[in-house]
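Everything on this sheet refers to the single structure shown next.
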Amino acid sequence: MKNFSKFLSILLAAVIILSGCSSNNAADSESRAADEKLALSYVTNYHNGTKEAKTKFVDESIHPDVQGKFRVGTKRALPEDEQLKEPKVAESVAYDDGETKGSLVLIQSADDKEIIALITENKVYMSLAPSGNAGDSYQEIRSQFKTAK
């Protein structure tokens, strides 16, 4: 009977530990989904948006540390040929550089363009697009994604 009690105790402890891990995974999944939604909103409302939509997005969804930089982009709407058509989230990965934690979200469009957004503290902190230059930081960060171009 003692062995059965030990077994039951160990089993109960394992179930508690595993359920705690799955709670963390569920929280991570929810956080990642929210980050993906925000990144897609960034493309729709800021990158592809009107001056008014961009200004509102900066006020509500850009990290306070970088709002000034993003305000510069609110002065004009992008020409249609520079916009991302039918943007979709392709993939997201966790990001942690020791100072900043968040998600990198890869957005791809129907016209084969892409943007990576860094989401931290439920705000957009940075976005990157390919520059066409060899060795740019975009390619380095892009290599963290499994999704093909």
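Residues in the structure tokens are numbered from 1 in each chain, the chains being A, B, ... in the order shown, and ligands are numbered from 1 in the order shown.
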Quiz item: So which residues touch Ile119 in chain A within 9 Å, counting only C-alpha atoms, skipping near sequence neighbours fewer than 6 positions away, as a ChimeraX atom specification?
Solution: /A:35-36,38-39,63,95,101-105,125-127
Could you save those same residues with N, CA and C atoms as a tab-separated table (two decimals), in the first residue's frame?
```tsv
chain	number	residue	atom	x	y	z
A	35	ASP	N	0.14	39.36	-30.49
A	35	ASP	CA	1.24	40.02	-31.19
A	35	ASP	C	1.06	39.93	-32.70
A	36	GLU	N	0.62	38.77	-33.17
A	36	GLU	CA	0.39	38.60	-34.61
A	36	GLU	C	-0.73	39.53	-35.10
A	38	LEU	N	-1.59	42.37	-33.76
A	38	LEU	CA	-1.07	43.73	-33.73
A	38	LEU	C	-0.15	44.00	-34.93
A	39	ALA	N	0.69	43.03	-35.28
A	39	ALA	CA	1.59	43.19	-36.42
A	39	ALA	C	0.80	43.34	-37.72
A	63	HIS	N	5.13	51.64	-29.42
A	63	HIS	CA	5.80	51.74	-28.12
A	63	HIS	C	6.21	53.19	-27.88
A	95	TYR	N	11.29	36.58	-29.24
A	95	TYR	CA	12.46	37.45	-29.35
A	95	TYR	C	12.92	37.82	-27.95
A	101	LYS	N	12.12	41.75	-24.64
A	101	LYS	CA	11.46	40.48	-24.91
A	101	LYS	C	10.19	40.76	-25.68
A	102	GLY	N	9.87	39.88	-26.59
A	102	GLY	CA	8.65	40.05	-27.36
A	102	GLY	C	8.55	39.00	-28.44
A	103	SER	N	7.96	39.41	-29.56
A	103	SER	CA	7.78	38.52	-30.70
A	103	SER	C	8.23	39.21	-31.97
A	104	LEU	N	8.84	38.45	-32.85
A	104	LEU	CA	9.09	38.89	-34.21
A	104	LEU	C	8.00	38.26	-35.06
A	105	VAL	N	7.31	39.08	-35.83
A	105	VAL	CA	6.20	38.57	-36.63
A	105	VAL	C	6.50	38.86	-38.11
A	125	TYR	N	7.38	47.95	-31.73
A	125	TYR	CA	8.62	48.63	-31.38
A	125	TYR	C	9.44	48.97	-32.62
A	126	MET	N	9.37	48.10	-33.61
A	126	MET	CA	10.20	48.29	-34.79
A	126	MET	C	9.62	47.46	-35.93
A	127	SER	N	9.91	47.89	-37.15
A	127	SER	CA	9.59	47.06	-38.31
A	127	SER	C	10.76	47.10	-39.27
```
Quiz item: If we count only C-alpha atoms, what is near range 65-72 of chain A at a cut-off of 9 Å, once residues fewer than 2 positions away on the same chain are taken out, given as a list of chain:residue names?
Solution: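 Surrounding residues, per the criterion: A:Lys54, A:Thr55, A:Val58, A:Asp59, A:Ile62, A:His63, A:Thr74, A:Lys75, A:Arg76, A:Val124, A:Tyr125, A:Met126.
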Since we have the selection now, will you write its residues out, keeping C-alpha atoms, as a PDB file, in the first residue's frame?
```pdb
ATOM      1  CA  LYS A  54      -1.249  56.205 -39.265  1.00  0.00           C
ATOM      2  CA  THR A  55      -1.514  58.967 -36.659  1.00  0.00           C
ATOM      3  CA  VAL A  58       1.041  55.636 -33.564  1.00  0.00           C
ATOM      4  CA  ASP A  59      -0.928  57.071 -30.639  1.00  0.00           C
ATOM      5  CA  ILE A  62       3.447  52.150 -31.091  1.00  0.00           C
ATOM      6  CA  HIS A  63       5.800  51.738 -28.125  1.00  0.00           C
ATOM      7  CA  THR A  74       2.497  59.733 -40.676  1.00  0.00           C
ATOM      8  CA  LYS A  75       3.144  62.710 -42.944  1.00  0.00           C
ATOM      9  CA  ARG A  76       2.218  60.825 -46.112  1.00  0.00           C
ATOM     10  CA  VAL A 124       4.992  47.748 -32.049  1.00  0.00           C
ATOM     11  CA  TYR A 125       8.617  48.632 -31.376  1.00  0.00           C
ATOM     12  CA  MET A 126      10.200  48.288 -34.790  1.00  0.00           C
TER      13      MET A 126
END
```
Quiz item: chain A: which residues are strand (DSSP E or B) by DSSP, as a PyMOL selection string?
Solution: chain A and resi 62+88-96+101-108+114-120+123-128
Practice problem: Run DSSP on the backbone and grab whatever in chain A lands in alpha helix (DSSP H); send it over as a PyMOL selection string. | Solution: chain A and resi 2-41+51-61+67-72+137-142
List every residue of range 37-60 of chain A that has an atom at most 10 Å from any atom of range 88-94 of chain A, and for each one report the closest atom pair and its distance in Å to one decimal, counting only C-alpha atoms, with rows sorted by chain and then by increasing residue number, as a Markdown table.
```
| residue | atom | partner | partner_atom | distance |
| --- | --- | --- | --- | --- |
| A:Lys37 | CA | A:Val89 | CA | 8.2 |
| A:Ala39 | CA | A:Val89 | CA | 8.0 |
| A:Leu40 | CA | A:Val89 | CA | 6.7 |
| A:Val43 | CA | A:Lys88 | CA | 9.4 |
```
Exercise. Would you please work out which residue, of A:Leu128, A:Leu118, A:Ala53, A:Leu106, is nearest to Lys149 in chain A when using only C-alpha atoms?
Key: A:Leu106
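The space between CA of Ser31 in chain A and CA of Gln144 in chain A spans 19.0 Å.
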Would you give me, as CSV, each residue of range 51-121 of chain A having an atom within 10 Å of an atom of range 130-141 of chain A, along with its shortest atom pair and that distance in Å to one decimal, using only C-alpha atoms and sorting by chain and residue number?
```
residue,atom,partner,partner_atom,distance
A:Leu104,CA,A:Ile141,CA,8.7
A:Lys113,CA,A:Pro130,CA,8.6
A:Glu114,CA,A:Pro130,CA,7.6
A:Ile115,CA,A:Pro130,CA,7.5
A:Ile116,CA,A:Tyr138,CA,8.1
```
Export, as a compact mmCIF listing (two decimals), in the first residue's frame, the selected residues with N, CA, C and O atoms.
```txt
# COMPACT_ATOMS: atom_id res chain seq x y z
N LEU A 104 8.84 38.45 -32.85
CA LEU A 104 9.09 38.89 -34.21
C LEU A 104 8.00 38.26 -35.06
O LEU A 104 7.79 37.04 -35.00
N LYS A 113 5.82 40.68 -51.11
CA LYS A 113 6.56 41.61 -50.26
C LYS A 113 6.42 41.11 -48.83
O LYS A 113 5.50 40.37 -48.51
N GLU A 114 7.34 41.52 -47.98
CA GLU A 114 7.24 41.12 -46.58
C GLU A 114 7.82 42.18 -45.66
O GLU A 114 8.63 43.01 -46.08
N ILE A 115 7.35 42.11 -44.42
CA ILE A 115 7.80 42.99 -43.34
C ILE A 115 7.90 42.14 -42.08
O ILE A 115 7.09 41.24 -41.87
N ILE A 116 8.87 42.46 -41.26
CA ILE A 116 8.98 41.84 -39.94
C ILE A 116 8.71 42.93 -38.91
O ILE A 116 9.31 44.00 -38.96
```
Quiz item: A:Glu99, A:Lys85, A:Asp28, A:Ser61: which is nearest Asp111 in chain A, counting only C-alpha atoms?
Solution: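 Among the listed residues, the smallest separation from Asp111 in chain A belongs to A:Lys85.
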Exercise. Grab the CA of Ala34 in chain A to CA of Asp96 in chain A distance for me, in Å with one decimal place.
Key: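 Atom-to-atom, CA of Ala34 in chain A and CA of Asp96 in chain A are spaced 17.4 Å apart.
In this structure, CA of Phe57 in chain A sits 16.5 Å away from CA of Gln83 in chain A.
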Practice problem: Determine the nearest neighbour of Gln108 in chain A from the options A:Pro64, A:Pro87, A:Gly49, A:Gly73, counting only C-alpha atoms. | Solution: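 Ranked by minimum distance to Gln108 in chain A, first place goes to A:Pro87.
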